[in-house]
Amino acid sequence: MDFRERLKKLKPQAPKGIWRNVAIFFAVLGPGIITANVDNDAGGIATYSIAGADFGYSFLWLVIPVVFALIVIQEMSARMGAVTGKGLADLIRENYGAKVTFYVMLALLITNLGNTMAEFAGVAASLEIFGISKYITVPISAFFVWFLVVKGTYKTVEKVFLIACLFYVAYIISGFMAQPNWSVVGRELISPSFSFDTPYLYMTIGIVGTTIAPWMQFYMQSSIVEKGIDIETYRQSRWDVLIGCIMAGVVVFFIIVACAATLNPAGIRVESAADAALALKPLAGDYCSFLFAFGLFNASLFAASVLPLSTAYYVCEGLGWEAGVDKDFDEAPQFYGLYTAIIILGAVVILIPDFPLFFIMVFSQVINGVLLPFVLIFMLLLINRKDLMGEFTNGKIWNFVSWFTVVAMIILTLLMIFTFF
């Protein structure tokens with residue numbers, strides 16, 4: 001559909017029958033739940049585990065505002081995709097030129113390479129707990145995620161991703177098995193605390209960066225476009241976004257709780273999510289440890305599929321190349337070539353002995369947090385343009401939350417740099 005024709009349809013939709021709305025909701029289900037949950041990946045789980053083990057419950061208060069900001073930002077991505085019918089990288093290139101787009105894409109590409117390495121590190125570490133060598137699991141996993149996307153259709157890939165989201169319940173069960181003091185948990189959840197120490201600032205930026213990663217906005221918008229969600233079905237798609245973000249927040253909460261309840265009192269410091277899984281064994285039992293490890297494997301494999309896919313989406317959109325899972329290799333050679341290259345590089349690096357996996361896993365999440373304001377600024381400039389969004393520009397609350405997130409992350413980054421030196 002021509003963009004001008006889309007603008008003519010930008011009028012609030014009249015309420016429809018409840019069963020029709022339910023049917024539409026299940027038809028549009030996918031992008032919101034997948035995008036929000038995949039960010040609870042190996043790097044994210046490592047970051048949340050370290051936050052709980054090193055700082056106890058003190059970061060629980062951050063979960064609520066960060067999840068609210070996630071809902072706002074993901075909704076913006078979905079709305080821009082539904083209204084314009086274009087991905088975020090497409091819109092940046094068309095409105096700010098190829099040079100600006102190139103530098104944005106380059107920064108995100110480097111960051112996502114680190115994130116992809118972290119995913120395969122998670123795959124390796126999680127199954128090594130069960131006695132399986134990384135030299136077996138990493139190549140097999142890399143081939144699986146490559147085959148799934150290159151040989152599958154968008155509908156098939158989406159169904160697999162949605163099934164993977166269900167297995168995050170392992171972390172919820174682990175949280176209960178850790179037997180935390182729920183009165184303390186409740187108090188810390190609603191009692192903000194803050195410190196200007198470099199480790200605390202570093203972890204704060206990492207938690208925000210891994211929960212609201214820059215790549216998510218590109219993947220979300222591209223998924224909305226490829227799925228064919230338009231302004232007529234967008235209202236139901238917002239529920240997909242809301243449910244996905246809440247699910248992701250619940251998982252974050254229980255990972256921090258599980259590690260804060262067991263590892264922190266014992267004074268155990270961890271350097272990865274796998275360390276956390278092993279450390280839970282004598283403190284919370286075999287089942288809790290195995291569930292934590294299984295959750296890490298599922299999350300790592302899931303994200304190892306989506307992260308390279310999101311990177312291929314936004315780089316190809318930014319450079320004007322064909323992109324999409326429903327296209328074959330001949331139609332989108334750059335898209336599939338880049339996807340393949342990122343998987344190979346991410347997997348091969350993990351097989352190098354003594355590679356600094358811990359540094360890559362957490363540092364990549366901090367870089368996500370540092371880069372987030374730049375992506376949000378582009379989004380806010382675009383979504384508040386009447387000529388692009390018609391009646392679907394941001395409201396005052398959405399703008400306040402988004403700009404507050406931008407300013408807060410810039411200030412946190414400057415404070416971290418200042419305290420470090």
# chains A, B, ... in the order shown; residues from 1 in each chain; ligands from 1
>>> residues_around(residues="Ala53 (chain A)", least_positions_apart="6", cutoff="10 Å", atoms="only C-alpha atoms", output="list of chain:residue names")
A:Thr47, A:Ile256, A:Val257, A:Ala258, A:Cys259, A:Ala260, A:Ala261, A:Thr262, A:Leu263, A:Asn264, A:Pro265, A:Ala266, A:Gly267, A:Ile268, A:Arg269, A:Val270, A:Glu271, A:Ala276
>>> residues_around(residues="region 77-92 of chain A", least_positions_apart="2", cutoff="9 Å", atoms="only C-alpha atoms", output="ChimeraX atom specification")
/A:1,3,6-7,9-10,31-32,72-75,94-98,100-101,105,216-226,228-234,237-238,241,313-320,378-379,382-383,388-390,392-393
>>> select_by_dssp(residues="region 78-208 of chain A", states="alpha helix (DSSP H)", output="number ranges by chain")
A: 78-84, 88-128, 134-151, 154-166, 169-177, 182-189, 198-208
>>> atom_distance(atom1="CA of Val67 (chain A)", atom2="CA of Val366 (chain A)")
17.2 Å
>>> residues_around(residues="Pro65 (chain A)", least_positions_apart="5", cutoff="12 Å", atoms="only C-alpha atoms", output="list in words")
Phe59, Leu60, Leu70, Ile71, Val72, Leu189, Ile190, Pro192, Ile207, Val208, Thr211, Ile212, Cys245, Ile246, Gly249, Val401, Ser402, Phe404, Thr405 and Ala408 of chain A
>>> write_last_selection(atoms="C-alpha atoms", output="compact mmCIF listing (two decimals), in the first residue's frame")
# COMPACT_ATOMS: atom_id res chain seq x y z
CA PHE A 59 18.23 -3.54 42.33
CA LEU A 60 14.68 -4.88 42.60
CA LEU A 70 10.22 -0.88 28.01
CA ILE A 71 6.46 -0.96 27.43
CA VAL A 72 6.46 2.66 26.25
CA LEU A 189 10.75 -3.64 45.38
CA ILE A 190 9.14 -0.37 46.44
CA PRO A 192 14.47 2.90 45.74
CA ILE A 207 20.44 -3.68 33.70
CA VAL A 208 18.75 -0.93 31.69
CA THR A 211 16.31 -4.86 29.36
CA ILE A 212 15.82 -2.11 26.75
CA CYS A 245 7.12 -6.72 28.39
CA ILE A 246 5.41 -7.89 31.59
CA GLY A 249 9.93 -8.14 33.70
CA VAL A 401 8.86 8.74 29.82
CA SER A 402 10.98 8.42 26.67
CA PHE A 404 13.34 11.00 30.79
CA THR A 405 14.94 7.66 29.83
CA ALA A 408 18.72 9.50 32.71
>>> residues_around(residues="region 117-132 of chain A", least_positions_apart="3", cutoff="8 Å", atoms="only C-alpha atoms", output="list of chain:residue names")
A:Asp41, A:Ala42, A:Gly43, A:Leu113, A:Gly114, A:Ile136, A:Thr137, A:Val138, A:Ser141, A:Ala273, A:Ala274, A:Leu278, A:Ala293, A:Phe294, A:Leu296, A:Phe297, A:Ser300, A:Leu301, A:Ala303, A:Ala304, A:Leu345, A:Gly346, A:Ala347, A:Val349, A:Ile350, A:Leu357, A:Ile360, A:Met361
>>> write_last_selection(atoms="C-alpha atoms", output="short mmCIF file (atom, residue, chain, number, x, y, z; two decimals), in the first residue's frame")
data_model
loop_
_atom_site.label_atom_id
_atom_site.label_comp_id
_atom_site.auth_asym_id
_atom_site.auth_seq_id
_atom_site.Cartn_x
_atom_site.Cartn_y
_atom_site.Cartn_z
CA ASP A 41 19.46 -13.68 26.95
CA ALA A 42 22.81 -15.00 28.16
CA GLY A 43 24.24 -11.53 28.70
CA LEU A 113 28.54 -9.08 17.51
CA GLY A 114 29.48 -8.95 21.19
CA ILE A 136 29.94 -30.29 20.38
CA THR A 137 27.15 -27.96 21.49
CA VAL A 138 28.27 -24.70 19.89
CA SER A 141 23.53 -24.95 17.96
CA ALA A 273 24.95 -17.10 34.58
CA ALA A 274 26.51 -20.58 34.50
CA LEU A 278 26.36 -24.10 39.73
CA ALA A 293 20.97 -23.97 33.68
CA PHE A 294 18.17 -25.15 31.38
CA LEU A 296 20.16 -20.30 30.33
CA PHE A 297 20.43 -22.78 27.45
CA SER A 300 20.94 -18.42 24.77
CA LEU A 301 19.75 -20.53 21.84
CA ALA A 303 18.71 -15.13 21.38
CA ALA A 304 21.40 -16.66 19.15
CA LEU A 345 31.85 -15.39 13.86
CA GLY A 346 29.91 -15.52 17.13
CA ALA A 347 30.26 -19.30 17.38
CA VAL A 349 35.14 -17.01 18.81
CA ILE A 350 33.60 -18.97 21.69
CA LEU A 357 33.64 -14.45 27.94
CA ILE A 360 32.13 -9.68 26.70
CA MET A 361 28.83 -10.80 28.27
#
